[in-house]
>>> print(open('upload.tsv').read())   # TSV, C-alpha atoms
chain	number	residue	atom	x	y	z
A	1	MET	CA	-53.09	30.94	-4.81
A	2	ASN	CA	-54.51	32.27	-8.03
A	3	GLU	CA	-57.16	34.91	-7.45
A	4	ASN	CA	-59.58	33.05	-9.74
A	5	PHE	CA	-59.95	30.25	-7.19
A	6	ASN	CA	-62.56	30.55	-4.45
A	7	GLN	CA	-61.28	28.71	-1.37
A	8	THR	CA	-64.75	28.37	0.16
A	9	ASN	CA	-66.42	26.18	-2.44
A	10	GLY	CA	-63.69	25.33	-4.92
A	11	GLU	CA	-65.55	27.11	-7.70
A	12	VAL	CA	-63.83	29.26	-10.28
A	13	GLU	CA	-64.92	32.86	-10.56
A	14	THR	CA	-64.93	34.27	-14.10
A	15	LEU	CA	-65.64	37.87	-14.93
A	16	GLY	CA	-68.10	38.44	-17.74
A	17	GLN	CA	-68.95	34.75	-18.13
A	18	ILE	CA	-72.19	34.24	-20.05
A	19	PRO	CA	-74.04	31.24	-18.60
A	20	SER	CA	-76.27	31.01	-21.67
A	21	VAL	CA	-73.40	30.25	-24.07
A	22	ASN	CA	-74.31	27.00	-25.80
A	23	HIS	CA	-71.38	24.62	-26.25
A	24	GLU	CA	-73.29	22.44	-28.68
A	25	THR	CA	-72.56	22.68	-32.38
A	26	PRO	CA	-74.11	26.01	-33.54
A	27	GLN	CA	-77.41	25.67	-35.38
A	28	PRO	CA	-79.66	28.35	-36.98
A	29	ASP	CA	-81.87	29.95	-34.34
A	30	SER	CA	-80.26	27.80	-31.63
A	31	GLY	CA	-80.16	30.64	-29.13
A	32	GLN	CA	-76.37	31.03	-29.27
A	33	PRO	CA	-75.53	34.73	-28.84
A	34	SER	CA	-74.05	36.55	-31.79
A	35	LEU	CA	-70.67	38.27	-31.67
A	36	SER	CA	-72.30	41.71	-31.65
A	37	THR	CA	-74.48	40.72	-28.67
A	38	VAL	CA	-71.54	39.84	-26.43
A	39	TRP	CA	-69.00	42.32	-27.81
A	40	ASN	CA	-69.11	44.69	-24.80
A	41	GLN	CA	-68.52	41.78	-22.40
A	42	LEU	CA	-65.45	40.40	-24.15
A	43	PRO	CA	-62.96	38.95	-23.51
A	44	ILE	CA	-64.73	35.98	-21.96
A	45	ARG	CA	-62.78	33.07	-20.51
A	46	GLU	CA	-63.98	29.57	-19.82
A	47	PRO	CA	-63.67	28.69	-16.13
A	48	VAL	CA	-60.30	27.28	-15.13
A	49	LEU	CA	-60.12	23.71	-13.87
A	50	ILE	CA	-56.34	23.44	-13.40
A	51	GLN	CA	-54.43	26.68	-12.87
A	52	ASN	CA	-52.07	27.53	-15.76
A	53	THR	CA	-52.92	24.22	-17.40
A	54	LEU	CA	-56.52	23.52	-18.34
A	55	GLN	CA	-59.87	25.19	-18.72
A	56	ARG	CA	-63.06	23.27	-18.30
A	57	TYR	CA	-64.73	21.87	-21.43
A	58	GLN	CA	-61.31	20.98	-22.85
A	59	LYS	CA	-59.17	17.89	-23.51
A	60	MET	CA	-55.82	17.10	-21.93
A	61	MET	CA	-53.33	14.28	-22.47
A	62	ILE	CA	-50.91	12.84	-19.93
A	63	THR	CA	-48.36	11.20	-22.17
A	64	GLY	CA	-44.97	9.57	-21.92
A	65	PRO	CA	-43.15	6.26	-22.32
A	66	SER	CA	-44.21	3.10	-20.52
A	67	LYS	CA	-43.56	2.95	-16.76
A	68	SER	CA	-43.12	6.72	-16.44
A	69	CYS	CA	-45.56	7.37	-13.54
A	70	LYS	CA	-48.43	8.48	-15.79
A	71	THR	CA	-51.04	6.59	-13.75
A	72	ALA	CA	-49.57	8.05	-10.55
A	73	LEU	CA	-50.04	11.52	-12.04
A	74	ALA	CA	-53.59	10.67	-13.11
A	75	VAL	CA	-54.51	9.38	-9.64
A	76	GLN	CA	-53.08	12.51	-7.99
A	77	LEU	CA	-55.01	14.66	-10.48
A	78	ALA	CA	-58.27	12.90	-9.62
A	79	ILE	CA	-57.64	13.49	-5.92
A	80	ALA	CA	-56.65	17.13	-6.47
A	81	VAL	CA	-59.89	17.92	-8.35
A	82	ALA	CA	-62.06	15.92	-5.95
A	83	GLU	CA	-60.58	17.64	-2.89
A	84	GLY	CA	-59.94	21.06	-4.47
A	85	THR	CA	-56.19	20.94	-3.80
A	86	SER	CA	-53.17	21.36	-6.11
A	87	TRP	CA	-51.63	19.19	-8.82
A	88	LEU	CA	-48.03	19.75	-9.91
A	89	GLU	CA	-48.11	22.99	-7.89
A	90	ASN	CA	-51.21	24.21	-9.79
A	91	GLU	CA	-54.47	24.83	-7.91
A	92	CYS	CA	-57.54	22.86	-9.00
A	93	ALA	CA	-61.22	23.73	-8.79
A	94	LYS	CA	-63.23	21.22	-6.78
A	95	GLY	CA	-65.65	18.85	-8.47
A	96	ASN	CA	-66.73	15.29	-9.21
A	97	VAL	CA	-64.31	13.02	-11.07
A	98	LEU	CA	-65.00	9.86	-13.06
A	99	TYR	CA	-61.95	7.60	-13.36
A	100	LEU	CA	-62.22	4.94	-16.08
A	101	ASN	CA	-59.63	2.30	-15.27
A	102	PHE	CA	-58.43	0.03	-18.08
A	103	ASP	CA	-54.98	-0.89	-16.72
A	104	GLU	CA	-55.35	-2.25	-13.17
A	105	SER	CA	-57.56	-4.68	-11.29
A	106	ILE	CA	-60.23	-2.98	-9.19
A	107	VAL	CA	-58.42	-3.98	-5.96
A	108	THR	CA	-55.14	-2.53	-7.26
A	109	ILE	CA	-56.59	0.80	-8.39
A	110	TYR	CA	-58.53	1.23	-5.12
A	111	SER	CA	-55.32	0.53	-3.20
A	112	ARG	CA	-53.42	3.08	-5.33
A	113	PHE	CA	-55.93	5.77	-4.41
A	114	PHE	CA	-55.70	4.83	-0.72
A	115	ASP	CA	-51.89	4.79	-0.77
A	116	THR	CA	-51.77	8.13	-2.58
A	117	TYR	CA	-54.13	9.80	-0.10
A	118	GLN	CA	-51.92	8.50	2.70
A	119	ALA	CA	-48.69	9.65	1.04
A	120	LEU	CA	-50.10	13.13	0.32
A	121	ARG	CA	-51.42	13.34	3.90
A	122	ILE	CA	-54.78	14.51	2.59
A	123	GLU	CA	-57.84	13.73	4.67
A	124	PRO	CA	-60.43	12.16	2.31
A	125	LYS	CA	-63.15	14.69	3.09
A	126	GLU	CA	-64.47	14.64	-0.49
A	127	ILE	CA	-63.78	10.99	-1.34
A	128	SER	CA	-67.38	10.68	-2.54
A	129	ASN	CA	-66.44	13.05	-5.38
A	130	ILE	CA	-64.42	10.22	-6.97
A	131	THR	CA	-66.15	7.49	-8.97
A	132	ILE	CA	-63.91	4.66	-10.21
A	133	MET	CA	-65.16	2.28	-12.88
A	134	ASN	CA	-63.03	-0.78	-13.60
A	135	LEU	CA	-63.44	-1.52	-17.32
A	136	LYS	CA	-60.43	-3.77	-17.89
A	137	GLY	CA	-61.82	-6.76	-19.75
A	138	GLU	CA	-65.31	-5.26	-19.58
A	139	MET	CA	-65.45	-2.75	-22.43
A	140	THR	CA	-64.78	-3.19	-26.11
A	141	ALA	CA	-65.57	-0.66	-28.82
A	142	GLU	CA	-66.22	-1.19	-32.52
A	143	ASN	CA	-65.04	2.33	-33.29
A	144	GLU	CA	-64.49	5.76	-31.77
A	145	ASP	CA	-68.16	6.77	-31.83
A	146	ASP	CA	-69.20	3.49	-30.22
A	147	PHE	CA	-66.69	4.14	-27.42
A	148	ILE	CA	-68.02	7.65	-26.77
A	149	ASN	CA	-71.62	6.42	-26.80
A	150	GLN	CA	-70.71	3.87	-24.11
A	151	VAL	CA	-69.00	6.57	-22.03
A	152	LEU	CA	-72.09	8.76	-22.36
A	153	THR	CA	-74.13	5.88	-20.96
A	154	LEU	CA	-71.72	5.56	-18.03
A	155	VAL	CA	-71.90	9.28	-17.28
A	156	ASN	CA	-75.71	9.14	-17.46
A	157	GLY	CA	-76.11	12.90	-17.09
A	158	PHE	CA	-74.16	13.15	-13.82
A	159	PRO	CA	-72.38	16.55	-13.50
A	160	TYR	CA	-68.76	15.38	-13.45
A	161	ARG	CA	-66.15	18.10	-13.73
A	162	MET	CA	-63.55	15.71	-15.13
A	163	ILE	CA	-63.30	12.25	-16.64
A	164	ILE	CA	-59.93	10.46	-16.72
A	165	ILE	CA	-59.42	7.58	-19.17
A	166	ASP	CA	-56.43	5.44	-18.13
A	167	SER	CA	-55.38	4.44	-20.61
A	168	ILE	CA	-56.79	5.12	-24.06
A	169	ASP	CA	-54.23	2.68	-25.51
A	170	TYR	CA	-56.34	-0.21	-24.16
A	171	LEU	CA	-58.94	0.45	-26.86
A	172	PHE	CA	-57.24	2.35	-29.67
A	173	ASP	CA	-53.90	2.60	-31.42
A	174	ILE	CA	-53.78	6.37	-31.64
A	175	GLY	CA	-50.40	6.25	-33.32
A	176	SER	CA	-52.50	6.07	-36.48
A	177	SER	CA	-53.31	9.57	-37.71
A	178	GLY	CA	-56.78	8.53	-38.93
A	179	THR	CA	-57.69	6.94	-35.60
A	180	ALA	CA	-56.41	9.96	-33.67
A	181	ILE	CA	-58.48	12.39	-35.75
A	182	ARG	CA	-61.66	10.32	-35.45
A	183	LEU	CA	-61.16	9.86	-31.71
A	184	ASN	CA	-60.55	13.59	-31.27
A	185	GLN	CA	-63.79	14.38	-33.10
A	186	ALA	CA	-65.70	11.85	-30.99
A	187	ILE	CA	-64.29	13.26	-27.74
A	188	ASP	CA	-65.15	16.81	-28.86
A	189	ARG	CA	-68.72	15.61	-29.35
A	190	PHE	CA	-68.66	14.14	-25.83
A	191	VAL	CA	-67.27	17.36	-24.29
A	192	ASN	CA	-69.80	19.52	-26.16
A	193	LYS	CA	-72.67	17.33	-24.97
A	194	THR	CA	-71.62	16.84	-21.34
A	195	LYS	CA	-69.43	19.90	-20.58
A	196	ILE	CA	-66.96	17.48	-18.91
A	197	CYS	CA	-63.23	18.07	-19.15
A	198	THR	CA	-61.64	14.91	-20.55
A	199	VAL	CA	-58.15	13.63	-19.70
A	200	LEU	CA	-56.52	10.82	-21.68
A	201	VAL	CA	-53.55	8.82	-20.40
A	202	HIS	CA	-51.40	7.58	-23.28
A	203	SER	CA	-48.07	5.77	-23.72
A	204	ASP	CA	-46.35	7.51	-26.60
A	205	HIS	CA	-42.80	6.10	-26.39
A	206	GLN	CA	-41.51	9.69	-26.66
A	207	GLN	CA	-43.12	10.18	-30.08
A	208	GLU	CA	-45.75	12.89	-30.42
A	209	THR	CA	-49.05	11.60	-31.74
A	210	LYS	CA	-51.65	13.41	-33.80
A	211	LEU	CA	-54.08	13.33	-30.86
A	212	SER	CA	-51.68	15.18	-28.57
A	213	SER	CA	-51.33	17.93	-31.17
A	214	LEU	CA	-55.15	18.20	-31.26
A	215	SER	CA	-55.56	18.42	-27.47
A	216	GLU	CA	-55.80	21.82	-25.79
A	217	SER	CA	-53.28	20.78	-23.12
A	218	VAL	CA	-50.54	18.16	-23.04
A	219	VAL	CA	-48.62	17.00	-19.98
A	220	ARG	CA	-45.55	15.17	-21.23
A	221	VAL	CA	-43.52	12.95	-18.88
A	222	ILE	CA	-39.83	12.80	-19.87
A	223	PRO	CA	-37.56	10.34	-18.03
A	224	SER	CA	-34.37	11.78	-16.61
A	225	GLU	CA	-31.08	10.42	-17.93
A	226	SER	CA	-29.45	10.88	-14.54
A	227	SER	CA	-31.88	8.90	-12.36
A	228	LYS	CA	-34.51	6.21	-12.92
A	229	ASP	CA	-36.73	7.86	-10.30
A	230	SER	CA	-36.67	11.39	-11.73
A	231	PHE	CA	-38.83	12.83	-14.48
A	232	ARG	CA	-39.21	16.14	-16.26
A	233	ILE	CA	-42.81	17.34	-16.67
A	234	ALA	CA	-43.44	19.56	-19.69
A	235	ILE	CA	-46.88	21.22	-19.78
A	236	VAL	CA	-48.10	22.82	-23.00
A	237	SER	CA	-51.46	24.58	-23.09
A	238	ASN	CA	-53.20	26.55	-25.85
A	239	SER	CA	-55.34	28.43	-23.35
A	240	PHE	CA	-52.76	30.27	-21.25
A	241	GLN	CA	-50.51	32.99	-22.65
A	242	ALA	CA	-47.57	32.52	-20.29
A	243	PRO	CA	-45.69	29.27	-20.98
A	244	THR	CA	-45.41	26.93	-18.02
A	245	ALA	CA	-41.84	26.16	-17.01
A	246	ASP	CA	-40.91	22.48	-17.03
A	247	LYS	CA	-40.88	20.84	-13.59
A	248	ILE	CA	-38.71	18.13	-12.07
A	249	ILE	CA	-40.33	15.41	-9.97
A	250	ASP	CA	-39.11	12.31	-8.15
A	251	TYR	CA	-41.38	9.27	-8.09
A	252	HIS	CA	-41.27	6.61	-5.39
A	253	TYR	CA	-44.57	4.74	-5.24
A	254	PRO	CA	-46.99	6.12	-4.33
A	255	SER	CA	-45.44	9.57	-3.84
A	256	ILE	CA	-44.63	12.17	-6.46
A	257	GLU	CA	-42.32	14.77	-4.96
A	258	TYR	CA	-41.95	18.16	-6.63
A	259	ARG	CA	-38.25	19.03	-6.84
A	260	GLY	CA	-38.40	22.42	-8.58
A	261	LEU	CA	-38.16	23.93	-12.04
A	262	TYR	CA	-36.15	22.31	-14.80
A	263	ASN	CA	-32.65	23.72	-15.27
A	264	ARG	CA	-31.20	22.73	-18.64
A	265	SER	CA	-27.57	23.40	-17.70
A	266	LEU	CA	-27.95	21.51	-14.41
A	267	ASP	CA	-29.62	18.64	-16.26
A	268	LEU	CA	-26.68	18.48	-18.68
A	269	THR	CA	-24.25	18.42	-15.73
A	270	ASN	CA	-26.20	15.59	-14.10
A	271	LYS	CA	-26.29	13.71	-17.41
A	272	ILE	CA	-22.49	13.91	-17.74
A	273	ARG	CA	-22.09	12.85	-14.10
A	274	HIS	CA	-24.46	9.92	-14.65
A	275	GLN	CA	-22.59	8.79	-17.77
A	276	LYS	CA	-19.29	8.96	-15.91
A	277	ALA	CA	-20.67	6.93	-12.98
A	278	ASN	CA	-22.02	4.29	-15.37
A	279	TYR	CA	-18.69	4.11	-17.19
A	280	GLU	CA	-16.77	3.66	-13.92
A	281	LEU	CA	-19.17	0.98	-12.68
A	282	ASP	CA	-19.08	-0.86	-16.01
A	283	LYS	CA	-15.28	-0.74	-16.14
A	284	ALA	CA	-14.95	-2.06	-12.58
A	285	PHE	CA	-17.41	-4.88	-13.24
A	286	ASN	CA	-15.55	-5.93	-16.40
A	287	GLU	CA	-12.22	-5.95	-14.56
A	288	LEU	CA	-13.56	-8.09	-11.71
A	289	SER	CA	-15.93	-10.34	-13.60
A	290	SER	CA	-14.87	-13.57	-15.25
A	291	GLN	CA	-16.76	-13.93	-18.53
A	292	GLY	CA	-19.58	-11.72	-17.28
A	293	ASP	CA	-20.13	-13.63	-14.04
A	294	ALA	CA	-21.60	-11.95	-10.97
A	295	VAL	CA	-19.42	-9.80	-8.69
A	296	HIS	CA	-19.87	-9.14	-4.97
A	297	VAL	CA	-20.69	-5.54	-4.04
A	298	ASN	CA	-17.73	-5.51	-1.61
A	299	ALA	CA	-15.31	-6.22	-4.46
A	300	LEU	CA	-16.74	-3.32	-6.49
A	301	ALA	CA	-16.52	-0.99	-3.48
A	302	ALA	CA	-12.88	-1.95	-2.91
A	303	TYR	CA	-11.96	-1.57	-6.59
A	304	LEU	CA	-13.65	1.84	-6.90
A	305	LYS	CA	-12.41	2.89	-3.44
A	306	ILE	CA	-15.89	4.00	-2.37
A	307	ALA	CA	-18.38	2.92	0.31
A	308	ARG	CA	-20.74	-0.01	-0.20
A	309	GLU	CA	-23.68	2.40	0.09
A	310	THR	CA	-22.31	4.46	-2.81
A	311	VAL	CA	-22.06	1.32	-4.98
A	312	TYR	CA	-25.70	0.50	-4.18
A	313	LYS	CA	-26.69	4.03	-5.21
A	314	LYS	CA	-24.78	3.74	-8.49
A	315	ILE	CA	-26.49	0.44	-9.25
A	316	LYS	CA	-29.91	1.87	-8.42
A	317	ASN	CA	-29.39	4.68	-10.94
A	318	SER	CA	-28.07	2.28	-13.57
A	319	ASN	CA	-30.10	0.47	-16.20
A	320	THR	CA	-27.29	-2.05	-16.68
A	321	PHE	CA	-26.85	-3.75	-13.31
A	322	GLN	CA	-28.92	-5.23	-10.52
A	323	VAL	CA	-27.96	-6.34	-7.01
A	324	ASN	CA	-29.49	-9.06	-4.86
A	325	VAL	CA	-28.13	-9.95	-1.40
A	326	GLY	CA	-24.84	-8.27	-2.23
A	327	ILE	CA	-24.41	-10.03	-5.58
A	328	VAL	CA	-24.17	-7.69	-8.59
A	329	GLU	CA	-25.15	-8.97	-12.02
A	330	ARG	CA	-25.39	-7.43	-15.46
A	331	ILE	CA	-29.08	-7.27	-16.37
A	332	ASN	CA	-28.77	-8.18	-20.05
A	333	ASN	CA	-27.10	-11.47	-19.05
A	334	HIS	CA	-30.60	-12.56	-18.08
A	335	GLU	CA	-32.30	-10.95	-21.07
A	336	GLN	CA	-34.19	-8.53	-18.86
A	337	VAL	CA	-35.83	-5.41	-20.20
>>> encode(input="upload.tsv", output="structure tokens")
Amino acid sequence: MNENFNQTNGEVETLGQIPSVNHETPQPDSGQPSLSTVWNQLPIREPVLIQNTLQRYQKMMITGPSKSCKTALAVQLAIAVAEGTSWLENECAKGNVLYLNFDESIVTIYSRFFDTYQALRIEPKEISNITIMNLKGEMTAENEDDFINQVLTLVNGFPYRMIIIDSIDYLFDIGSSGTAIRLNQAIDRFVNKTKICTVLVHSDHQQETKLSSLSESVVRVIPSESSKDSFRIAIVSNSFQAPTADKIIDYHYPSIEYRGLYNRSLDLTNKIRHQKANYELDKAFNELSSQGDAVHVNALAAYLKIARETVYKKIKNSNTFQVNVGIVERINNHEQV
């Protein structure tokens, strides 16, 4: 565990921290210390909220294509901060979390938190540290400043350590550079006023947005080409000198299992193996299928000279086929996405 983390109360110890530093926009005679005043105490670091990832009073984005376990990561992050445990193998300081839910019904998001606690085998000792507000269909915003003003009303001065907005796409198209810049400025105003670390969940379809380049930390979810259940997690932070190595995770609702560090050469090997398996399955299906009709899994197993279980595994890792009660069909025959 990082030496900056105090196991007793979940607080972060920072040497030379100046409590009187004002995070509001500097004004003449505002009481903000001058550079010469603090020179002998430098360097000063903001307290760490997520080890190797994020300091408090900063913004972070969890971004990736649709259906890439971003909400699962956000839920686990909320639990990790609330309970003072780890997230993606990085220790978190304990504190109150506000989760603004725009994607799920209130029953669904409550159940996701329950299922995740159960899967992580974490006793909910600090469950009261998590506040969930279901805003799907409840909140609209005329513009970025209107949105932040509404969030300020929701916070109402409560000392949250973190607020998670899942997802920001519900209200804004941040693919637009102008929208991203205005939203970034509005969130900076919110962070300066409340001192709350702000996390945005965003579907980016593997295209970097202007807002992610403006955030202090970005957690990018990259689907694996070798398995539909595997993802590469790339963490980029402006606040930590040592780059964080990419991680590999497997996701099976509601569990995210850490598999280790990303190995580029191994990933390439798995990609080639996956392409070969898809080619063999596709070739067998075409040989056995009449005009694209369904094929029984036993026929594929016999043609490929492999076990039925192996055929099921190949289909599971394929984006081309599906199987139901032993009947294998090509997905695009039914115009499925």
>>> closest_residue(input="upload.tsv", among="A:Val325, A:Leu300, A:Val107, A:Met162", to="Cys197 (chain A)", atoms="only C-alpha atoms")
A:Met162
>>> closest_residue(input="upload.tsv", among="A:Val81, A:Ala141, A:Val155, A:Ile106", to="Asn129 (chain A)", atoms="only C-alpha atoms")
A:Val81
>>> atom_distance(input="upload.tsv", atom1="CA of Arg273 (chain A)", atom2="CA of Ser226 (chain A)")
7.6 Å
>>> atom_distance(input="upload.tsv", atom1="CA of Tyr251 (chain A)", atom2="CA of Val219 (chain A)")
15.9 Å
>>> atom_distance(input="upload.tsv", atom1="CA of Ala299 (chain A)", atom2="CA of Ser224 (chain A)")
28.9 Å
>>> residues_near_point(input="upload.tsv", point="(-69.1, 5.4, -26.9)", cutoff="12 Å", atoms="all atoms listed in the file", output="list in words")
Met139, Thr140, Ala141, Glu142, Asn143, Glu144, Asp145, Asp146, Phe147, Ile148, Asn149, Gln150, Val151, Leu152, Thr153, Leu154, Val155, Leu171, Leu183, Ala186, Ile187, Arg189 and Phe190 of chain A
>>> residues_near_point(input="upload.tsv", point="(-18.5, -1.5, -3.4)", cutoff="10 Å", atoms="all atoms listed in the file", output="number ranges by chain")
A: 281, 284, 295-312, 314, 326, 328
>>> write_last_selection(input="upload.tsv", atoms="C-alpha atoms", output="compact mmCIF listing (two decimals), in the coordinates of the input")
# COMPACT_ATOMS: atom_id res chain seq x y z
CA LEU A 281 -19.17 0.98 -12.68
CA ALA A 284 -14.95 -2.06 -12.58
CA VAL A 295 -19.42 -9.80 -8.69
CA HIS A 296 -19.87 -9.14 -4.97
CA VAL A 297 -20.69 -5.54 -4.04
CA ASN A 298 -17.73 -5.51 -1.61
CA ALA A 299 -15.31 -6.22 -4.46
CA LEU A 300 -16.74 -3.32 -6.49
CA ALA A 301 -16.52 -0.99 -3.48
CA ALA A 302 -12.88 -1.95 -2.91
CA TYR A 303 -11.96 -1.57 -6.59
CA LEU A 304 -13.65 1.84 -6.90
CA LYS A 305 -12.41 2.89 -3.44
CA ILE A 306 -15.89 4.00 -2.37
CA ALA A 307 -18.38 2.92 0.31
CA ARG A 308 -20.74 -0.01 -0.20
CA GLU A 309 -23.68 2.40 0.09
CA THR A 310 -22.31 4.46 -2.81
CA VAL A 311 -22.06 1.32 -4.98
CA TYR A 312 -25.70 0.50 -4.18
CA LYS A 314 -24.78 3.74 -8.49
CA GLY A 326 -24.84 -8.27 -2.23
CA VAL A 328 -24.17 -7.69 -8.59
